[in-house]
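Q: File protein-v3.cif below, mmCIF, C-alpha atoms and all ligand atoms:
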data_upload
loop_
_atom_site.label_atom_id
_atom_site.label_comp_id
_atom_site.auth_asym_id
_atom_site.auth_seq_id
_atom_site.Cartn_x
_atom_site.Cartn_y
_atom_site.Cartn_z
CA MET K 99 89.77 68.98 88.78
CA SER K 100 88.74 72.03 90.69
CA TRP K 101 87.32 73.09 93.98
CA ASN K 102 84.15 75.11 94.22
CA ILE K 103 84.19 77.39 97.22
CA ALA K 104 81.12 79.48 97.88
CA GLY K 105 80.28 79.63 94.20
CA ARG K 106 83.77 80.30 92.85
CA GLU K 107 85.98 77.73 91.21
CA VAL K 108 89.58 77.48 92.44
CA SER K 109 91.83 75.21 90.40
CA HIS K 110 94.88 77.36 89.62
CA VAL K 111 96.49 79.89 91.95
CA GLY K 112 99.39 82.28 91.38
CA VAL K 113 102.00 83.43 93.88
CA ILE K 114 104.26 86.30 92.79
CA GLY K 115 107.66 86.41 94.50
CA SER K 116 109.87 83.54 95.62
CA GLY K 117 111.65 85.29 98.49
CA GLN K 118 111.27 84.70 102.23
CA ILE K 119 107.50 84.19 102.28
CA GLY K 120 106.25 83.41 98.74
CA PRO K 121 107.32 79.72 98.82
CA ASP K 122 105.62 79.26 102.21
CA ILE K 123 102.35 80.69 100.85
CA ALA K 124 102.69 78.34 97.87
CA LEU K 125 103.38 75.44 100.23
CA HIS K 126 100.10 76.06 102.05
CA PHE K 127 98.20 76.25 98.76
CA SER K 128 99.84 73.00 97.63
CA LYS K 129 98.76 71.32 100.85
CA VAL K 130 95.09 72.21 100.36
CA LEU K 131 94.80 72.30 96.57
CA ALA K 132 97.02 69.45 95.37
CA PRO K 133 94.76 66.71 96.79
CA LYS K 134 91.94 68.21 94.68
CA GLY K 135 94.07 68.42 91.54
CA GLY K 136 94.75 72.16 91.85
CA THR K 137 97.98 73.79 90.64
CA ILE K 138 100.12 76.70 91.81
CA ALA K 139 102.46 78.91 89.77
CA VAL K 140 105.20 80.77 91.66
CA VAL K 141 106.58 83.60 89.51
CA ASP K 142 109.77 85.53 90.25
CA VAL K 143 112.13 87.57 88.06
CA ASN K 144 115.19 86.07 89.75
CA GLU K 145 116.23 82.51 88.82
CA GLN K 146 118.27 82.11 92.01
CA ALA K 147 115.30 83.10 94.15
CA LEU K 148 113.17 80.52 92.32
CA ALA K 149 115.74 77.76 92.86
CA LYS K 150 115.99 78.66 96.54
CA GLY K 151 112.19 78.77 96.87
CA ARG K 152 111.82 75.38 95.18
CA ALA K 153 114.47 73.87 97.49
CA LYS K 154 112.78 75.35 100.57
CA LEU K 155 109.34 74.05 99.55
CA ASP K 156 110.71 70.57 98.76
CA LYS K 157 112.58 70.44 102.07
CA LYS K 158 109.49 71.36 104.09
CA ILE K 159 107.36 68.80 102.24
CA SER K 160 110.01 66.10 102.84
CA ARG K 161 110.09 67.01 106.52
CA GLY K 162 106.28 66.62 106.62
CA GLU K 163 106.60 63.27 104.88
CA GLN K 164 109.21 62.07 107.39
CA SER K 165 107.10 63.17 110.36
CA GLY K 166 104.07 61.36 108.92
CA ALA K 167 102.09 64.57 108.36
CA PHE K 168 101.87 63.76 104.62
CA GLN K 169 101.57 60.34 103.02
CA PRO K 170 104.19 59.84 100.26
CA GLU K 171 101.57 60.12 97.46
CA ARG K 172 100.26 63.37 98.89
CA ALA K 173 103.77 64.78 99.32
CA GLN K 174 104.57 63.92 95.71
CA ALA K 175 101.31 65.51 94.51
CA MET K 176 102.19 68.66 96.48
CA ARG K 177 105.64 68.89 94.88
CA GLU K 178 104.25 68.32 91.40
CA ALA K 179 101.45 70.87 91.86
CA VAL K 180 103.87 73.79 92.22
CA ASN K 181 105.63 75.29 89.21
CA PHE K 182 108.44 77.81 89.96
CA THR K 183 108.97 79.99 86.89
CA THR K 184 110.04 83.37 85.50
CA ASP K 185 107.17 83.22 83.00
CA TYR K 186 104.22 85.44 83.94
CA ASP K 187 102.13 83.52 81.38
CA ALA K 188 102.06 80.66 83.92
CA LEU K 189 99.38 82.76 85.66
CA LYS K 190 96.93 82.28 82.79
CA GLY K 191 93.76 80.67 84.07
CA ALA K 192 94.46 81.56 87.73
CA GLN K 193 91.33 82.41 89.68
CA LEU K 194 93.35 83.86 92.57
CA VAL K 195 96.77 85.50 92.73
CA VAL K 196 98.70 86.41 95.88
CA GLU K 197 101.55 88.83 95.30
CA ALA K 198 104.47 88.50 97.73
CA ALA K 199 107.19 90.44 95.90
CA SER K 200 109.44 93.14 97.33
CA GLU K 201 107.72 95.75 99.54
CA ASN K 202 107.59 98.61 97.03
CA VAL K 203 104.34 100.27 96.04
CA GLU K 204 105.40 101.16 92.46
CA LEU K 205 106.70 97.63 91.85
CA LYS K 206 103.52 96.06 93.21
CA GLY K 207 101.42 98.38 91.01
CA LYS K 208 103.38 97.29 87.90
CA ILE K 209 103.14 93.62 88.87
CA PHE K 210 99.35 93.81 89.14
CA GLN K 211 99.13 95.35 85.69
CA MET K 212 101.11 92.39 84.30
CA VAL K 213 98.94 89.99 86.29
CA ALA K 214 95.67 91.62 85.21
CA ASP K 215 96.71 91.27 81.55
CA ARG K 216 96.95 87.50 82.00
CA VAL K 217 94.21 86.37 84.36
CA ASP K 218 90.45 86.31 83.76
CA ALA K 219 88.58 89.52 84.50
CA ASP K 220 86.84 87.95 87.48
CA ALA K 221 90.06 86.71 89.17
CA ILE K 222 90.72 87.86 92.72
CA LEU K 223 94.00 89.73 93.15
CA LEU K 224 95.61 89.90 96.58
CA SER K 225 98.76 91.51 97.90
CA ASN K 226 100.63 90.08 100.86
CA SER K 227 102.13 93.48 101.56
CA SER K 228 102.95 93.86 105.25
CA HIS K 229 102.22 97.59 105.38
CA LEU K 230 101.06 99.26 102.17
CA GLU K 231 97.49 100.46 101.94
CA PRO K 232 95.44 98.57 99.30
CA GLU K 233 94.24 101.91 97.89
CA ARG K 234 97.84 102.66 96.88
CA ILE K 235 98.82 99.17 95.69
CA PHE K 236 95.78 98.76 93.44
CA ALA K 237 95.38 102.41 92.37
CA ASP K 238 95.82 101.49 88.68
CA THR K 239 94.62 97.86 88.72
CA PRO K 240 91.53 97.08 86.64
CA HIS K 241 88.50 95.72 88.57
CA PRO K 242 89.54 97.08 92.01
CA GLY K 243 86.38 95.54 93.47
CA ARG K 244 88.18 92.19 93.32
CA THR K 245 91.39 93.33 95.00
CA ALA K 246 92.50 93.40 98.64
CA VAL K 247 95.48 92.90 100.91
CA ALA K 248 95.79 89.39 102.39
CA HIS K 249 98.58 89.69 104.94
CA TYR K 250 100.06 86.34 106.03
CA PHE K 251 102.22 85.80 109.11
CA PHE K 252 105.40 83.82 109.69
CA PRO K 253 105.51 80.88 109.09
CA ALA K 254 102.89 81.35 106.39
CA GLU K 255 102.24 77.65 105.80
CA ARG K 256 101.39 77.10 109.47
CA ASN K 257 100.40 80.42 111.01
CA PRO K 258 96.61 80.48 110.62
CA VAL K 259 96.03 84.26 110.70
CA VAL K 260 95.55 86.22 107.49
CA GLU K 261 94.69 89.91 107.86
CA LEU K 262 92.22 90.81 105.11
CA VAL K 263 92.39 94.51 104.33
CA PRO K 264 89.82 95.82 101.86
CA SER K 265 90.28 99.16 100.12
CA ALA K 266 87.37 101.57 99.72
CA ALA K 267 86.88 100.01 96.26
CA THR K 268 86.86 96.35 97.36
CA SER K 269 83.39 94.88 96.97
CA GLU K 270 81.60 93.31 99.90
CA ALA K 271 81.14 90.17 97.80
CA THR K 272 84.93 89.87 97.48
CA ILE K 273 85.59 90.22 101.20
CA ASP K 274 82.74 87.80 102.04
CA TRP K 275 84.12 85.26 99.62
CA LEU K 276 87.69 85.70 100.85
CA GLN K 277 86.59 85.04 104.42
CA ARG K 278 84.85 81.83 103.33
CA PHE K 279 87.75 80.82 101.12
CA TYR K 280 90.40 81.26 103.80
CA GLU K 281 88.26 79.54 106.42
CA SER K 282 87.71 76.61 104.09
CA ILE K 283 91.47 76.19 103.57
CA GLY K 284 92.17 76.20 107.30
CA LYS K 285 93.15 79.83 107.86
CA LEU K 286 91.83 82.36 110.34
CA PRO K 287 90.92 85.45 108.32
CA VAL K 288 90.61 88.69 110.30
CA VAL K 289 89.17 91.70 108.48
CA VAL K 290 90.88 94.95 109.45
CA GLN K 291 90.60 98.50 108.19
CA SER K 292 93.09 100.07 105.83
CA ARG K 293 95.89 102.04 107.45
CA TYR K 294 99.66 101.81 106.95
CA GLY K 295 100.79 98.57 108.70
CA TYR K 296 97.15 97.43 109.28
CA ALA K 297 96.45 96.05 112.81
CA CYS K 298 99.18 93.58 113.75
CA ASP K 299 102.46 94.91 112.34
CA PRO K 300 102.38 98.21 114.25
CA VAL K 301 102.31 96.01 117.38
CA PHE K 302 104.95 93.52 116.15
CA GLU K 303 107.35 96.23 114.99
CA GLY K 304 106.38 98.61 117.80
CA VAL K 305 107.18 95.97 120.45
CA PHE K 306 110.54 95.42 118.78
CA ALA K 307 111.17 99.18 119.06
CA VAL K 308 110.15 99.12 122.75
CA ALA K 309 112.56 96.22 123.39
CA ALA K 310 115.39 97.91 121.48
CA ARG K 311 114.88 101.12 123.46
CA ALA K 312 115.01 99.11 126.71
CA VAL K 313 118.46 97.89 125.59
CA GLU K 314 119.51 101.43 124.63
CA ALA K 315 118.41 102.64 128.08
CA GLY K 316 120.71 100.07 129.69
CA LEU K 317 117.95 97.92 131.23
CA GLY K 318 119.51 94.78 129.78
CA THR K 319 121.45 93.27 126.90
CA VAL K 320 119.74 92.13 123.69
CA ARG K 321 119.87 88.54 124.99
CA GLU K 322 118.36 89.50 128.34
CA VAL K 323 115.56 91.71 127.01
CA ASP K 324 114.74 89.11 124.33
CA TYR K 325 114.59 86.38 126.97
CA VAL K 326 112.55 88.36 129.54
CA ALA K 327 110.08 89.42 126.80
CA ARG K 328 108.89 85.82 126.62
CA GLU K 329 107.72 85.99 130.23
CA ALA K 330 106.51 89.61 130.04
CA LEU K 331 104.40 89.16 126.91
CA GLY K 332 103.81 85.40 126.80
CA MET K 333 105.86 85.01 123.61
CA THR K 334 107.45 81.74 122.50
CA VAL K 335 110.33 83.69 120.96
CA GLY K 336 111.42 87.20 121.92
CA PRO K 337 111.25 90.22 119.58
CA PHE K 338 114.94 90.04 118.56
CA THR K 339 114.69 86.30 117.83
CA ALA K 340 111.58 87.02 115.74
CA MET K 341 113.63 89.48 113.65
CA ASN K 342 116.29 86.81 113.08
CA LEU K 343 113.68 84.26 112.03
CA THR K 344 111.86 86.54 109.58
CA GLY K 345 114.89 88.46 108.25
CA GLY K 346 112.87 91.45 109.39
CA ASN K 347 115.47 94.15 110.23
CA PRO K 348 115.23 96.20 107.00
CA ILE K 349 111.45 96.03 106.61
CA THR K 350 110.96 96.85 110.30
CA ALA K 351 113.28 99.88 110.09
CA HIS K 352 111.35 101.10 107.06
CA GLY K 353 107.96 100.30 108.59
CA LEU K 354 108.80 102.07 111.85
CA ALA K 355 110.06 105.18 110.01
CA GLU K 356 106.80 105.37 108.04
CA MET K 357 104.60 104.73 111.08
CA HIS K 358 106.57 107.35 113.00
CA THR K 359 105.33 110.02 110.61
CA LYS K 360 101.99 108.45 109.63
CA ILE K 361 100.73 107.21 113.02
CA GLN K 362 102.55 108.51 116.07
CA PRO K 363 106.02 109.40 117.43
CA TRP K 364 106.33 106.14 119.46
CA TYR K 365 107.27 104.37 116.25
CA ALA K 366 110.58 106.18 115.72
CA PRO K 367 113.12 103.55 114.54
CA PRO K 368 115.52 102.84 117.45
CA LYS K 369 119.18 103.73 116.97
CA LEU K 370 120.11 100.16 117.89
CA LEU K 371 118.33 98.98 114.72
CA THR K 372 119.57 101.68 112.36
CA ASP K 373 123.16 101.17 113.60
CA LYS K 374 122.80 97.40 113.10
CA LEU K 375 121.62 97.86 109.54
CA GLU K 376 124.43 100.28 108.78
CA ALA K 377 127.07 97.96 110.26
CA GLU K 378 125.83 94.56 109.06
CA GLY K 379 123.40 95.22 106.20
CA PRO K 380 119.98 93.59 105.74
CA SER K 381 121.05 90.11 106.85
CA GLY K 382 122.54 91.21 110.21
CA ARG K 383 121.52 88.99 113.12
CA TRP K 384 120.87 89.70 116.79
CA ASP K 385 122.80 87.91 119.53
CA VAL K 386 120.00 85.91 121.17
CA CYS K 387 119.76 82.68 123.16
CA GLY K 388 119.86 79.45 121.18
CA ARG K 389 117.33 76.68 121.78
CA GLY K 390 117.31 75.75 125.49
CA GLU K 391 119.69 78.58 126.51
CA LYS K 392 118.69 81.03 129.25
CA ALA K 393 119.52 84.69 129.84
CA ASP K 394 117.39 85.42 132.87
CA VAL K 395 118.09 88.63 134.80
CA GLN K 396 119.05 87.87 138.40
CA ASP K 397 118.56 91.40 139.74
CA SER K 398 114.80 91.37 140.37
CA SER K 399 114.26 95.14 140.19
CA ARG K 400 116.07 95.36 136.84
CA LYS K 401 114.04 92.41 135.56
CA GLN K 402 110.81 94.06 136.73
CA ALA K 403 111.81 97.29 134.96
CA ILE K 404 112.23 95.35 131.70
CA ILE K 405 108.89 93.60 132.17
CA ASP K 406 107.05 96.84 133.00
CA THR K 407 108.58 98.67 130.04
CA LEU K 408 107.65 95.92 127.59
CA ARG K 409 104.13 95.59 128.94
CA GLY K 410 103.49 99.35 129.05
CA GLY K 411 104.68 99.75 125.47
CA TYR K 412 102.77 96.71 124.23
CA LEU K 413 99.44 97.68 125.82
CA GLY K 414 99.73 101.25 124.57
CA LEU K 415 100.44 100.10 121.02
CA ALA K 416 97.68 97.47 120.98
CA PHE K 417 94.91 99.68 122.36
CA GLU K 418 95.77 102.50 119.95
CA ILE K 419 94.81 100.05 117.16
CA VAL K 420 91.39 99.54 118.74
CA ASP K 421 90.98 103.29 119.43
CA ALA K 422 91.74 103.98 115.77
CA GLY K 423 88.92 101.59 114.76
CA LEU K 424 91.20 99.27 112.76
CA ALA K 425 89.97 96.09 114.44
CA SER K 426 87.50 95.14 117.14
CA ILE K 427 88.87 94.26 120.59
CA ASP K 428 87.91 90.60 120.05
CA ASP K 429 89.58 90.36 116.65
CA LEU K 430 92.75 92.09 117.81
CA GLU K 431 92.97 89.91 120.91
CA LEU K 432 92.66 86.81 118.74
CA ALA K 433 94.97 88.02 115.98
CA LEU K 434 97.80 89.04 118.32
CA ARG K 435 97.53 85.82 120.28
CA VAL K 436 97.51 83.57 117.24
CA ALA K 437 99.49 85.53 114.62
CA LEU K 438 102.18 86.93 116.89
CA ASP K 439 102.01 84.34 119.67
CA MET K 440 101.67 86.99 122.40
CA VAL K 441 99.34 87.23 125.36
CA GLY K 442 96.28 89.20 124.21
CA PRO K 443 96.21 92.81 125.45
CA CYS K 444 92.85 92.34 127.21
CA ALA K 445 93.95 89.10 128.87
CA LEU K 446 97.13 90.82 130.08
CA SER K 447 95.22 93.88 131.33
CA ASN K 448 92.76 91.67 133.20
CA GLU K 449 95.61 89.69 134.74
CA LEU K 450 97.39 92.87 135.88
CA GLY K 451 94.23 94.75 136.86
CA LEU K 452 93.03 97.65 134.72
CA SER K 453 94.49 100.44 136.84
CA LYS K 454 97.93 98.79 136.93
CA ALA K 455 97.73 98.28 133.14
CA LEU K 456 96.90 101.96 132.66
CA ASP K 457 99.75 102.96 135.00
CA LEU K 458 102.21 100.92 132.95
CA VAL K 459 101.07 102.56 129.69
CA GLN K 460 101.22 106.04 131.21
CA SER K 461 104.67 105.41 132.71
CA TYR K 462 105.94 104.13 129.36
CA ALA K 463 104.43 107.07 127.47
N1 LIG X 1 109.03 87.81 105.22
C1 LIG X 1 107.91 87.76 105.93
O1 LIG X 1 107.83 87.05 106.96
C2 LIG X 1 106.70 88.55 105.49
C3 LIG X 1 105.52 88.48 106.26
C4 LIG X 1 104.38 89.14 105.83
C5 LIG X 1 104.41 89.91 104.67
N2 LIG X 1 105.58 90.00 103.95
C6 LIG X 1 105.54 90.80 102.72
O2 LIG X 1 105.68 89.91 101.62
C7 LIG X 1 106.38 90.55 100.55
C8 LIG X 1 107.62 89.72 100.24
O3 LIG X 1 108.43 89.68 101.39
P1 LIG X 1 109.73 88.77 101.47
O4 LIG X 1 110.22 88.88 102.87
O5 LIG X 1 109.45 87.44 100.89
O6 LIG X 1 110.70 89.59 100.49
P2 LIG X 1 112.01 89.08 99.76
O7 LIG X 1 112.81 90.30 99.50
O8 LIG X 1 112.61 87.94 100.51
O9 LIG X 1 111.47 88.50 98.37
C9 LIG X 1 110.89 89.30 97.39
C10 LIG X 1 110.98 88.55 96.06
O10 LIG X 1 110.27 89.33 95.08
C11 LIG X 1 110.94 89.13 93.86
N3 LIG X 1 110.55 90.13 92.87
C12 LIG X 1 110.98 91.41 92.75
N4 LIG X 1 110.41 91.99 91.69
C13 LIG X 1 109.59 91.06 91.12
C14 LIG X 1 108.73 91.05 89.99
N5 LIG X 1 108.60 92.12 89.20
N6 LIG X 1 108.04 89.92 89.72
C15 LIG X 1 108.17 88.82 90.50
N7 LIG X 1 108.97 88.78 91.58
C16 LIG X 1 109.68 89.88 91.88
C17 LIG X 1 112.41 89.19 94.25
O11 LIG X 1 113.25 88.62 93.25
C18 LIG X 1 112.41 88.39 95.55
O12 LIG X 1 112.70 87.03 95.33
C19 LIG X 1 106.68 91.97 101.03
O13 LIG X 1 105.68 92.83 100.59
C20 LIG X 1 106.65 91.82 102.55
O14 LIG X 1 106.35 93.04 103.18
C21 LIG X 1 106.71 89.34 104.33
#
Turn this file's structure into structure tokens for me.
A:
Amino acid sequence: MSWNIAGREVSHVGVIGSGQIGPDIALHFSKVLAPKGGTIAVVDVNEQALAKGRAKLDKKISRGEQSGAFQPERAQAMREAVNFTTDYDALKGAQLVVEAASENVELKGKIFQMVADRVDADAILLSNSSHLEPERIFADTPHPGRTAVAHYFFPAERNPVVELVPSAATSEATIDWLQRFYESIGKLPVVVQSRYGYACDPVFEGVFAVAARAVEAGLGTVREVDYVAREALGMTVGPFTAMNLTGGNPITAHGLAEMHTKIQPWYAPPKLLTDKLEAEGPSGRWDVCGRGEKADVQDSSRKQAIIDTLRGGYLGLAFEIVDAGLASIDDLELALRVALDMVGPCALSNELGLSKALDLVQSYA
């Protein structure tokens, strides 16, 4: 069986990489494709990563079954639809491939050559890179008109936003189809222009840097700044908790260092982060509140200083993205609210009043 979406058949999909996010992308595909008989191949070079990915996918499906989100037959079909393998030949016949392997431009380039050798010439090839420009990833991939970045957000099976980033070579037909495809599988595609980090990650990682610098400046502890950030920016989890959840310390340090030179000095990686990585390695965790715990700041002027710093930094970062023409105000407002679970920058500016919002940005800068 297959599914025809806006004139293209989708019956077999590939996901490359079974690390933190690949299995979650596969889980979403299994949810929408398995009921229509579609299949998903998850390819990784590391057997352990595949076993871990399989276990994670099975656990999430079982949880959905227990909560009643999936009927037992559907849950079973979802499990059976996904094949975790080291064999790139499992991609044969795929009409769409999403690469979610390690964030390395040379590696991604090589992967797409292996993928292109196996899939049909009209297959659509996507990279879930969180930063790299599609022009660089697909520089040597045949048929660049059918390539783009499709950047998912944590948790990829539930977070609706997918940033679609075309390169100069991506055809309009591809981007049109991708928008229809993602909408039809329940996602919220947002088309943004190509620049290192695209539209949302400079804000996600930049806000983390702002929060870390607030700690370095002695405004509060990690727990306190993380906790107050929820109120300041309308987040469900603070920026340090988000790093723990996504395992994001190493990629954020790298992303910030690149954005520091490629975009603007604000993105310099904070010492707090580089020291953490040196001391604890990539899996180091931040000391944040557990579920239901509180770390409110009793001293109201210190709390206000944390709030003002976070808001000033956030608004400055978000409006730079609009100034640079990467996304429209509407799209950025929506993407930040839904993908990163933060108050939109326009909503926050309207709530504060525009002159207060500008004051906060200027004071932060
Ligand atoms: N973790 C997130 O929340 C998140 C969010 C958005 C985007 N991303 C992006 O997704 C990609 C993967 O991120 P991650 O956090 O899952 O990384 P990860 O390090 O957890 O996993 C990467 C996986 O790629 C595999 N791999 C390496 N070389 C390979 C090859 N030649 N063929 C197949 N597999 C190979 C590794 O064995 C590993 O299992 C990165 O580009 C990252 O920037 C991650």
Q: Report as a PyMOL selection string which protein, DNA and RNA residues come within 9 Å of ligand LIG 1 (chain X), using only C-alpha atoms and all ligand atoms.
A: chain K and resi 113-121+140-148+151+184+186+197-203+205-206+208-209+212+225-230+248-254+299+343-346+349
Q: Taking all atoms listed in the file into account, name the residue in K:Asn342, K:Thr350, K:Ser447, K:Ser100 that is nearest to K:Lys134.
A: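 Using all atoms listed in the file, the shortest distance to K:Lys134 belongs to K:Ser100.
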Q: Which is closest to K:Lys158 among K:Thr137, K:Gln402, K:Ser128, K:Thr183, if we use all atoms listed in the file?
A: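 Of K:Thr137, K:Gln402, K:Ser128, K:Thr183, the one nearest K:Lys158, counting all atoms listed in the file, is K:Ser128.
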Q: Could you tell me which of K:Glu322, K:Asp218, K:Glu329, K:Asp185 comes closest to K:Asp394 if we count only C-alpha atoms?
A: K:Glu322
Q: Taking (96.8, 96.8, 128.6) in the coordinates of the supplied file, I want to know which residues reach to within 10 Å of it, counting only C-alpha atoms; could you give the answer as a PyMOL selection string?
A: chain K and resi 409-417+442-459
Q: Mind giving me the straight-line distance from atom CA of K:Gln460 to atom CA of K:Val320 in Å, one decimal?
A: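 Between these atoms lies a distance of 24.4 Å.
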Q: Of the candidates K:Ala351, K:Met341, K:Val259, K:Val326, which one gets nearest to K:Trp384 if we count all atoms listed in the file?
A: K:Met341
Q: Select, from K:Tyr325, K:Tyr294, K:Phe302, K:Tyr280, the residue with the minimum atom-to-atom distance to K:Glu356, counting all atoms listed in the file.
A: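 The answer is K:Tyr294, which sits nearest to K:Glu356.
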Q: From the list K:Ser109, K:Asn347, K:Thr272, K:Ser160, which residue is nearest K:Thr245 when using all atoms listed in the file?
A: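 Comparing K:Ser109, K:Asn347, K:Thr272, K:Ser160 against K:Thr245, the winner is K:Thr272.
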Q: Just give me the gap between atom CA of K:Ala330 and atom CA of K:Val441 in Å, one decimal is fine.
A: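 So the answer is 8.9 Å.
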Q: What does the structure give for the distance between atom CA of K:Ala340 and atom CA of K:Gln277, in Å to one decimal?
A: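 Pair atom CA of K:Ala340 / atom CA of K:Gln277 returns 27.5 Å.
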Q: Mind listing as a CSV table (one decimal) with C-alpha atoms, in the coordinates of the input all residues within 10 Å of (109.9, 101.5, 116.6), counting only C-alpha atoms?
A:
chain,number,residue,atom,x,y,z
K,300,PRO,CA,102.4,98.2,114.2
K,301,VAL,CA,102.3,96.0,117.4
K,302,PHE,CA,105.0,93.5,116.2
K,303,GLU,CA,107.4,96.2,115.0
K,304,GLY,CA,106.4,98.6,117.8
K,305,VAL,CA,107.2,96.0,120.4
K,306,PHE,CA,110.5,95.4,118.8
K,307,ALA,CA,111.2,99.2,119.1
K,308,VAL,CA,110.2,99.1,122.8
K,309,ALA,CA,112.6,96.2,123.4
K,310,ALA,CA,115.4,97.9,121.5
K,311,ARG,CA,114.9,101.1,123.5
K,350,THR,CA,111.0,96.8,110.3
K,351,ALA,CA,113.3,99.9,110.1
K,352,HIS,CA,111.4,101.1,107.1
K,353,GLY,CA,108.0,100.3,108.6
K,354,LEU,CA,108.8,102.1,111.8
K,355,ALA,CA,110.1,105.2,110.0
K,356,GLU,CA,106.8,105.4,108.0
K,357,MET,CA,104.6,104.7,111.1
K,358,HIS,CA,106.6,107.4,113.0
K,363,PRO,CA,106.0,109.4,117.4
K,364,TRP,CA,106.3,106.1,119.5
K,365,TYR,CA,107.3,104.4,116.2
K,366,ALA,CA,110.6,106.2,115.7
K,367,PRO,CA,113.1,103.6,114.5
K,368,PRO,CA,115.5,102.8,117.4
K,369,LYS,CA,119.2,103.7,117.0
K,371,LEU,CA,118.3,99.0,114.7
Q: Residues at most 10 Å from K:Ala422, counting all atoms listed in the file, excluding those fewer than 2 positions away in the same chain, as a PyMOL selection string?
A: chain K and resi 291+293+297+361+417-420+424-426
